[in-house]
Structure formats: structure tokens, C-alpha cells
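**Q** Please find structure-v8.cif (mmCIF, C-alpha atoms and all ligand atoms) on the next line:
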data_work
loop_
_atom_site.label_atom_id
_atom_site.label_comp_id
_atom_site.auth_asym_id
_atom_site.auth_seq_id
_atom_site.Cartn_x
_atom_site.Cartn_y
_atom_site.Cartn_z
CA MET N 654 50.36 3.79 -26.94
CA ALA N 655 49.56 3.20 -23.30
CA SER N 656 47.85 6.53 -23.05
CA LEU N 657 45.77 5.71 -26.12
CA ILE N 658 44.57 2.46 -24.51
CA PHE N 659 43.82 4.35 -21.31
CA LEU N 660 41.84 6.92 -23.27
CA SER N 661 39.75 4.33 -25.11
CA VAL N 662 39.01 2.48 -21.83
CA TRP N 663 37.98 5.74 -20.26
CA CYS N 664 35.72 6.50 -23.23
CA VAL N 665 33.97 3.16 -22.97
CA MET N 666 33.46 3.66 -19.23
CA PHE N 667 32.20 7.16 -19.80
CA LEU N 668 29.79 6.08 -22.49
CA GLU N 669 28.45 3.32 -20.29
CA GLN N 670 27.85 5.85 -17.60
CA CYS N 671 26.01 8.04 -20.08
CA VAL N 672 23.77 5.16 -21.11
CA ALA N 673 23.14 4.14 -17.50
CA GLU N 674 22.10 7.63 -16.46
CA LYS N 675 19.11 8.06 -18.70
CA PRO N 676 16.71 10.62 -17.25
CA SER N 677 13.43 9.11 -16.08
CA ASN N 678 11.34 10.66 -18.85
CA VAL N 679 13.26 8.53 -21.36
CA LEU N 680 12.08 5.31 -19.66
CA THR N 681 10.29 2.97 -21.99
CA TYR N 682 7.03 1.54 -20.77
CA SER N 683 5.16 -1.63 -21.55
CA ALA N 684 2.03 -1.41 -23.66
CA GLU N 685 -1.17 -1.28 -21.59
CA THR N 686 -1.28 -4.58 -19.75
CA ASP N 687 -3.90 -6.20 -17.55
CA LEU N 688 -1.97 -7.15 -14.43
CA GLN N 689 -4.91 -8.68 -12.59
CA GLY N 690 -3.75 -11.74 -10.64
CA GLN N 691 -0.14 -10.66 -10.97
CA MET N 692 2.24 -9.07 -8.52
CA PHE N 693 5.64 -7.48 -8.65
CA SER N 694 8.23 -9.00 -6.37
CA VAL N 695 10.49 -6.06 -5.68
CA ASN N 696 13.93 -6.98 -4.42
CA LYS N 697 16.67 -4.88 -2.91
CA GLY N 698 17.41 -1.93 -5.18
CA GLY N 699 14.55 -2.79 -7.55
CA SER N 700 11.93 -0.31 -8.69
CA VAL N 701 8.64 -0.32 -10.56
CA THR N 702 7.24 2.74 -12.29
CA LEU N 703 3.64 2.95 -13.47
CA LEU N 704 2.67 5.57 -15.99
CA SER N 705 -0.76 7.14 -16.08
CA SER N 706 -2.42 7.81 -19.38
CA GLY N 707 -4.69 10.45 -17.88
CA VAL N 708 -3.47 14.00 -17.56
CA GLY N 709 -5.44 16.63 -15.74
CA PRO N 710 -5.58 18.61 -12.54
CA LEU N 711 -5.89 16.41 -9.50
CA HIS N 712 -8.10 17.97 -6.80
CA ASN N 713 -8.76 14.76 -4.90
CA PHE N 714 -7.11 11.40 -4.87
CA THR N 715 -7.19 7.89 -3.49
CA VAL N 716 -4.14 5.69 -3.90
CA CYS N 717 -4.55 2.01 -2.99
CA LEU N 718 -2.26 -0.99 -3.18
CA ARG N 719 -1.93 -4.34 -1.49
CA HIS N 720 1.44 -5.53 -0.27
CA ILE N 721 3.32 -8.21 1.58
CA SER N 722 6.37 -6.93 3.38
CA GLU N 723 8.18 -7.36 6.64
CA GLU N 724 8.17 -4.92 9.49
CA SER N 725 11.30 -2.87 9.02
CA ASP N 726 12.75 0.46 10.09
CA SER N 727 11.78 2.25 6.95
CA LYS N 728 10.23 1.56 3.60
CA ILE N 729 8.66 3.61 0.87
CA PHE N 730 5.31 2.29 -0.36
CA PHE N 731 5.01 4.68 -3.27
CA THR N 732 5.90 8.08 -4.62
CA LEU N 733 3.52 9.75 -7.02
CA SER N 734 5.11 12.43 -9.12
CA LEU N 735 3.09 14.75 -11.30
CA GLY N 736 5.89 16.42 -13.16
CA GLY N 737 6.14 19.38 -10.79
CA VAL N 738 8.50 19.93 -7.91
CA HIS N 739 6.04 18.57 -5.39
CA GLY N 740 4.59 15.12 -5.31
CA ILE N 741 2.93 12.65 -3.00
CA SER N 742 4.59 9.84 -1.08
CA LEU N 743 3.80 7.30 1.60
CA LYS N 744 6.57 5.81 3.71
CA SER N 745 6.70 3.89 6.92
CA ILE N 746 9.21 4.99 9.48
CA ASN N 747 9.42 2.68 12.49
CA THR N 748 5.75 2.08 13.34
CA ARG N 749 4.36 5.26 11.77
CA LEU N 750 3.15 6.02 8.29
CA GLN N 751 4.59 9.22 6.88
CA LEU N 752 2.45 10.87 4.23
CA THR N 753 3.81 13.73 2.13
CA VAL N 754 1.42 15.78 0.02
CA GLY N 755 3.16 18.62 -1.77
CA ARG N 756 5.28 20.52 0.73
CA ASP N 757 3.45 19.14 3.77
CA SER N 758 4.22 15.99 5.67
CA GLU N 759 2.32 14.25 8.45
CA ALA N 760 2.89 11.09 10.46
CA PHE N 761 -0.01 8.72 11.12
CA GLN N 762 -0.08 6.02 13.74
CA SER N 763 -0.29 2.57 12.28
CA THR N 764 -1.70 0.75 15.25
CA PHE N 765 -5.06 -0.86 14.71
CA PRO N 766 -8.02 -2.03 16.75
CA VAL N 767 -8.13 -5.80 17.23
CA ASN N 768 -11.09 -6.67 15.03
CA VAL N 769 -9.64 -5.97 11.62
CA ASP N 770 -10.94 -7.64 8.52
CA PHE N 771 -8.39 -8.31 5.83
CA THR N 772 -7.17 -11.14 3.67
CA PRO N 773 -3.86 -12.56 4.83
CA PRO N 774 -1.14 -12.48 3.77
CA TRP N 775 -1.96 -9.28 1.87
CA THR N 776 -2.24 -5.92 3.58
CA GLY N 777 -4.40 -3.29 1.92
CA LEU N 778 -3.09 0.24 2.16
CA CYS N 779 -5.03 3.26 0.90
CA THR N 780 -4.42 6.99 1.13
CA THR N 781 -7.03 9.68 0.54
CA TRP N 782 -6.76 13.44 0.22
CA THR N 783 -9.05 16.26 -0.80
CA SER N 784 -7.77 19.68 -1.83
CA SER N 785 -10.71 21.81 -0.68
CA SER N 786 -10.28 20.95 3.00
CA GLY N 787 -6.77 19.47 2.78
CA MET N 788 -7.95 16.52 4.86
CA ALA N 789 -5.79 13.44 4.40
CA GLN N 790 -6.20 9.96 5.80
CA VAL N 791 -4.40 6.64 5.54
CA TRP N 792 -6.25 3.32 5.62
CA PRO N 793 -3.98 0.41 6.57
CA TYR N 794 -5.95 -2.88 6.62
CA GLY N 795 -8.94 -0.82 5.45
CA MET N 796 -9.11 0.90 8.85
CA PRO N 797 -9.36 4.70 8.97
CA SER N 798 -6.61 6.71 10.64
CA VAL N 799 -7.02 10.12 12.20
CA ARG N 800 -7.75 12.78 9.56
CA LYS N 801 -5.05 15.41 9.25
CA GLY N 802 -5.11 18.58 7.18
CA MET N 803 -2.31 19.27 4.75
CA TRP N 804 -1.57 21.16 1.48
CA ARG N 805 -5.00 22.78 1.50
CA ASN N 806 -6.40 24.35 -1.70
CA GLN N 807 -3.48 23.13 -3.80
CA VAL N 808 -3.97 21.27 -7.05
CA PHE N 809 -1.62 18.83 -8.71
CA THR N 810 -1.16 19.01 -12.45
CA GLY N 811 0.89 16.94 -14.85
CA ARG N 812 1.16 13.37 -15.93
CA PRO N 813 1.14 11.09 -12.86
CA LEU N 814 3.98 8.60 -12.48
CA LEU N 815 3.83 6.21 -9.56
CA THR N 816 7.10 4.64 -8.42
CA ILE N 817 7.65 1.81 -5.99
CA SER N 818 11.25 1.85 -4.87
CA GLY N 819 12.80 1.56 -1.44
CA PHE N 820 10.55 -1.38 -0.65
CA VAL N 821 11.25 -5.12 -0.52
CA GLY N 822 8.35 -7.51 -0.90
CA GLN N 823 5.29 -8.05 -3.08
CA VAL N 824 2.89 -5.48 -4.39
CA THR N 825 -0.32 -5.90 -6.36
CA ASP N 826 -3.54 -4.07 -7.28
CA VAL N 827 -2.07 -0.59 -7.50
CA HIS N 828 -4.81 1.90 -8.39
CA VAL N 829 -5.17 5.68 -8.25
CA TRP N 830 -8.54 7.45 -8.46
CA HIS N 831 -9.21 11.15 -8.95
CA TYR N 832 -11.84 11.02 -6.23
CA ILE N 833 -12.19 9.70 -2.71
CA LEU N 834 -13.29 6.12 -2.37
CA SER N 835 -16.00 5.39 0.17
CA PRO N 836 -14.96 3.64 3.40
CA SER N 837 -16.80 0.50 2.30
CA ALA N 838 -15.02 0.48 -1.08
CA ILE N 839 -11.72 0.80 0.78
CA ALA N 840 -12.69 -2.07 3.11
CA SER N 841 -13.57 -4.23 0.09
CA PHE N 842 -10.28 -3.35 -1.54
CA SER N 843 -8.41 -4.51 1.56
CA ASN N 844 -10.22 -7.82 1.24
CA GLY N 845 -9.02 -8.20 -2.33
CA LYS N 846 -12.16 -7.02 -4.12
CA VAL N 847 -11.39 -4.13 -6.43
CA LEU N 848 -14.90 -2.83 -7.10
CA GLN N 849 -13.87 0.18 -9.18
CA GLU N 850 -10.83 0.38 -11.38
CA GLY N 851 -8.49 3.35 -10.82
CA THR N 852 -9.30 6.35 -13.02
CA VAL N 853 -5.87 7.98 -12.92
CA LEU N 854 -3.89 4.75 -12.85
CA SER N 855 -5.25 1.24 -13.15
CA TRP N 856 -3.69 -2.17 -12.52
CA ARG N 857 -5.95 -3.49 -15.27
CA ARG N 858 -4.38 -1.16 -17.86
CA ALA N 859 -0.87 -0.73 -16.54
CA GLN N 860 1.96 0.83 -18.49
CA TYR N 861 5.01 -0.09 -16.46
CA ASN N 862 8.76 -0.05 -16.39
CA THR N 863 10.94 -2.01 -14.01
CA GLY N 864 14.48 -1.27 -12.93
CA GLY N 865 16.90 -3.46 -10.99
CA TYR N 866 15.83 -6.80 -9.57
CA VAL N 867 12.05 -7.03 -10.02
CA VAL N 868 10.04 -10.12 -10.95
CA LEU N 869 6.48 -10.22 -12.23
CA GLU N 870 4.76 -13.32 -10.79
CA PRO N 871 1.24 -14.67 -10.40
CA VAL N 872 -0.29 -14.04 -6.96
CA GLN N 873 -1.24 -17.72 -6.79
CA VAL N 874 2.21 -18.63 -5.46
CA PHE N 875 0.85 -17.58 -2.08
CA GLN N 876 -2.40 -19.51 -2.43
CA ARG N 877 -0.42 -22.67 -3.12
CA ALA N 878 1.46 -22.09 0.12
CA LEU N 879 -1.81 -21.80 2.08
CA PRO N 880 -3.86 -24.75 0.87
CA CYS N 881 -6.74 -24.93 3.24
CA CYS N 882 -7.10 -23.24 6.54
CA GLY N 883 -6.03 -19.64 6.34
CA PHE N 884 -2.89 -18.18 7.69
CA PRO N 885 -0.58 -20.23 9.94
CA VAL N 886 -0.58 -18.99 13.52
CA GLY N 887 2.64 -17.93 15.18
CA LEU N 888 4.10 -15.54 12.64
CA GLY N 889 4.17 -11.79 12.68
CA TYR N 890 1.63 -9.14 13.31
CA SER N 891 -1.53 -10.79 12.01
CA ALA N 892 -0.94 -13.87 14.18
CA ARG N 893 -0.52 -11.66 17.25
CA LYS N 894 -3.75 -9.96 16.36
CA GLN N 895 -5.57 -13.25 15.84
CA LYS N 896 -4.37 -14.37 19.27
CA ALA N 897 -5.55 -11.10 20.82
CA ASN N 898 -8.94 -11.61 19.14
CA ARG N 899 -9.26 -15.13 20.52
CA GLN N 900 -8.27 -14.02 24.02
CA MET N 901 -10.80 -11.18 23.87
CA ALA N 902 -13.55 -13.57 22.72
CA LYS N 903 -12.71 -16.02 25.53
CA LYS N 904 -12.73 -13.26 28.14
CA THR N 905 -16.10 -12.02 26.90
CA ARG N 906 -17.59 -15.53 27.02
CA ARG N 907 -16.29 -16.03 30.57
CA GLY N 908 -17.65 -12.64 31.64
CA ASN N 909 -21.06 -13.36 30.15
CA SER N 910 -21.21 -16.76 31.76
CA LYS N 911 -20.38 -15.28 35.20
CA ARG N 912 -23.00 -12.59 34.79
CA ARG N 913 -25.60 -15.15 33.74
CA LYS N 914 -24.93 -17.28 36.83
CA TRP N 915 -25.17 -14.24 39.02
CA VAL N 916 -28.40 -12.93 37.48
CA MET N 917 -30.20 -16.21 36.78
CA GLY N 918 -28.77 -18.53 39.35
CA LYS N 919 -26.35 -21.41 39.06
CA ASP N 920 -26.75 -24.21 36.50
CA THR N 921 -28.68 -22.08 34.04
CA GLU N 922 -28.03 -22.83 30.40
CA GLY N 923 -28.54 -21.16 27.05
CA ALA N 924 -27.82 -17.82 25.52
CA THR N 925 -28.42 -14.76 27.62
CA ALA N 926 -28.40 -11.26 26.29
CA LEU N 927 -27.23 -8.97 29.07
C1 LIG C 1001 -13.22 16.83 -4.57
O1 LIG C 1001 -13.92 16.23 -3.50
C2 LIG C 1001 -14.82 17.10 -2.84
C3 LIG C 1001 -15.41 16.33 -1.68
O2 LIG C 1001 -14.46 15.93 -0.79
C4 LIG C 1001 -15.85 17.60 -3.80
O3 LIG C 1001 -16.71 18.51 -3.15
C5 LIG C 1001 -15.20 18.24 -4.99
O4 LIG C 1001 -16.17 18.61 -5.94
C6 LIG C 1001 -14.18 17.33 -5.62
N1 LIG C 1001 -13.47 18.04 -6.67
C7 LIG C 1001 -13.35 17.56 -7.90
C8 LIG C 1001 -12.64 18.44 -8.87
O5 LIG C 1001 -13.75 16.46 -8.23
#
How does this structure look as C-alpha cells?
Ligand SMILES: *[C@@H]1O[C@H](CO)[C@@H](O)[C@H](O)[C@H]1NC(C)=O
**A**
Amino acid sequence: MASLIFLSVWCVMFLEQCVAEKPSNVLTYSAETDLQGQMFSVNKGGSVTLLSSGVGPLHNFTVCLRHISEESDSKIFFTLSLGGVHGISLKSINTRLQLTVGRDSEAFQSTFPVNVDFTPPWTGLCTTWTSSSGMAQVWPYGMPSVRKGMWRNQVFTGRPLLTISGFVGQVTDVHVWHYILSPSAIASFSNGKVLQEGTVLSWRRAQYNTGGYVVLEPVQVFQRALPCCGFPVGLGYSARKQKANRQMAKKTRRGNSKRRKWVMGKDTEGATAL
């Protein structure tokens, strides 16, 4: 009798395990949904998968998203699988961005010049790659990184699946194009203006699946927190940068004023172009 009970308990546990371990191609996806103005809040252990409806060889790509996340030792912004063994992924490890394209991997510095234009609290993050030259680039805050060659002359085929997992924070406006966006389109994207919808994967026609603790919320929750005058000073990276910008502006004004006095004599007023 006891062994029978044990057996039935074991069976239930085993079955549960079977149900829990569905392979990823059995995931069910939402119908095409316009996610404009929405964001996924991804919590610890949560994941979001976006399915592309387009299938075809991928010679070039641009992947863009906007996120809010804390500086941490490591996070994975996205992995893009195309059905084959090799995919594409972008991670941050300490202060570097680690891009993997196929079997190649390169680290990019994520330090930026002071005058960066972006819309707090969101950070735009784009990645571009072209097969013919293999040149890859990452664009945090819409700013170009060094270009590094990787996985030259290779082509990705299969149905693209983009997964966000290994990341805690908010993510919105995830798009993938089969071509390389211009620098100005990338800069606009970082400022929250999506001029062209993704051709491989679009936030406006998203088929998605979520796993674990993920919440779909309107992006306005952040606007309500910032009613009038931009981002509060004193927090995190952007505030440090704003302070650096102000100090640089002050130093420049002081320098110009000194030069004006020296060139034009004391007590001179007005703008001077030197
Ligand atoms: C990929 O981009 C390059 C320019 O970087 C272009 O010359 C080429 O035609 C593109 N390939 C495809 C298949 O669109």
C-alpha cells in the first residue's frame, strides 16, 4: 500500500516535471499586438520571448530597444536565435558590452562622451552588423562605439526569436530590422522616436510569450513620477553626466570671459567669438 502511494506521488511529480519542461518551440504566443506605449517589467527569473513572422536569410541587422535598468555586474539585454546553433546576443559585463554574433564575440567599451542626447530615464541601445564586411557596432544612448569586425560573410537563416532573460528592469520599443539604420535614425530612436518600424520584428506587431515574473505595464508610470522638470539630479549615471556637462559649460564660460578681458580690455561686455 505504502509503495503504491509512493508510486502515485512520484508519477504526479514526474508528470509535472514533464509539463514544466516544454521545449521552447512549443511556447504559445500572443496574437499580433501593438505594444506601443507599453513596457515589460522583467523581474528576477522572468523572461520575454518575441517571435518574428518574417523568415529569410539575414545579411544585415539592427536590433534596438530602450531599457531602464541598474548598473550591475552582468545582464543580458537580448539573445536573438534563428533556429541554428549560432545566434546573436548582447550582454553587459561590468562596464563593457559583450556582443556575440555567431561564433565570434567582442567587447565594446560603454563609456560615453559628456554631451549625450537621450530621454531619461530610458536608455536607447542599438546593435548593427553587416555580413559583407563583418563590421559590428553598438550604440548605447545613440552614440556610436568603435566598429569591430566579426563573423564576416556569414548569413543567418531561420525564424528569428528574440528573448529577454537575465535582465531585471523595464524594456520597451524592441525592434529588429534586416538592414542597418542610419546614425540619425538611431539617435532618434534613443530619444523615443521610432521613425521606422522593425522589418524582422516589430513592437507594433508583437507576438510574445512571457515566462516567470513579468508584468506588461504602460510606460506612463514613469511620466507620472516625473511631472515637470526632467530627471531629478543626484541619482546614477545620467545625473553624474549632467553635472559633468554643467561643470564643462561653466569652465568654458569662465575661460571665454578671461580671454575676452585679456584681448579686449577689462570691463568689456557682450558676446565675443574667439
Ligand atoms: C547589407 O548591407 C550592405 C551595406 O552595408 C549592402 O551593400 C548589402 O546589399 C546589404 N545586403 C542585403 C542582402 O540587404
**Q** Please determine, counting only C-alpha atoms, which residue among N:Val791, N:Ile746, N:Ile721, N:Ala684 has the shortest atom-to-atom distance to Ile833 in chain N.
**A** N:Val791
**Q** Distance limit 6 Å, reference ligand LIG 1001 (chain C), atoms considered: only C-alpha atoms and all ligand atoms. Which residues make the cut? Give them as a list in words.
**A** His712, Asn713 and Thr783 of chain N
**Q** Excluding Gln689 in chain N and its own-chain neighbours fewer than 6 positions away, which residues fall within 8 Å of it when counting all atoms listed in the file? Please give them as JSON, numbers by chain.
**A** {"N": [826, 856, 857]}
**Q** Considering all atoms listed in the file, can you say which of N:Asn806, N:Ser727, N:Thr772, N:Gln691 comes closest to Val827 in chain N?
**A**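 With all atoms listed in the file as the atom set, the closest residue is N:Gln691.
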**Q** Extract, using only C-alpha atoms, all DNA, RNA and protein residues at most 12 Å from Gly787 in chain N, discarding same-chain residues fewer than 3 positions from it, and format them as a list in words.
**A**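 Returned residues: His712, Asn713, Phe714, Val754, Gly755, Asp757, Ser758, Glu759, Thr781, Trp782, Thr783, Ser784, Gln790, Arg800, Lys801, Gly802, Met803, Trp804, Arg805, Asn806, Gln807 and Val808 of chain N.
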**Q** Dump C-alpha atoms for the selected residues as a compact mmCIF listing (two decimals), keeping the file's coordinate frame?
**A**
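Saved the output as again15.txt:
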# COMPACT_ATOMS: atom_id res chain seq x y z
CA HIS N 712 -8.10 17.97 -6.80
CA ASN N 713 -8.76 14.76 -4.90
CA PHE N 714 -7.11 11.40 -4.87
CA VAL N 754 1.42 15.78 0.02
CA GLY N 755 3.16 18.62 -1.77
CA ASP N 757 3.45 19.14 3.77
CA SER N 758 4.22 15.99 5.67
CA GLU N 759 2.32 14.25 8.45
CA THR N 781 -7.03 9.68 0.54
CA TRP N 782 -6.76 13.44 0.22
CA THR N 783 -9.05 16.26 -0.80
CA SER N 784 -7.77 19.68 -1.83
CA GLN N 790 -6.20 9.96 5.80
CA ARG N 800 -7.75 12.78 9.56
CA LYS N 801 -5.05 15.41 9.25
CA GLY N 802 -5.11 18.58 7.18
CA MET N 803 -2.31 19.27 4.75
CA TRP N 804 -1.57 21.16 1.48
CA ARG N 805 -5.00 22.78 1.50
CA ASN N 806 -6.40 24.35 -1.70
CA GLN N 807 -3.48 23.13 -3.80
CA VAL N 808 -3.97 21.27 -7.05
**Q** Would you pick out the contacts of Gly777 in chain N at 7 Å or less, using all atoms listed in the file, so that residues sharing its chain but fewer than 3 positions from it are not included, and give the list as a VMD selection string?
**A** chain N and resid 718 to 720 793 to 795 842 to 843
**Q** Given the choices N:Leu834, N:Gln823, N:Thr702, N:Trp775, which gets closest to Thr852 in chain N if the distance is worked out from all atoms listed in the file?
**A**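 Among the listed residues, N:Leu834 lies closest to Thr852 in chain N.
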**Q** Between CA of Ser855 in chain N and CA of Lys697 in chain N, what is the distance in Å, rounded to a tenth?
**A** 25.0 Å
**Q** Any idea what the distance is between CA of Thr776 in chain N and CA of Glu685 in chain N?
**A**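 Atom-to-atom, CA of Thr776 in chain N to CA of Glu685 in chain N, that is 25.6 Å.
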**Q** Which is closer to His739 in chain N than all the others in N:Gly707, N:Pro797, N:Gly811, N:Gly698, using all atoms listed in the file?
**A**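 Closest candidate: N:Gly811.
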**Q** Can you measure CA of Gly699 in chain N to CA of Val847 in chain N for me? One decimal in Å is fine.
**A** 26.0 Å
**Q** Between N:Val868, N:Thr825, N:Lys744, N:Lys846, which is the closest to Leu688 in chain N once you count all atoms listed in the file?
**A**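 Smallest distance to Leu688 in chain N is found for N:Thr825.
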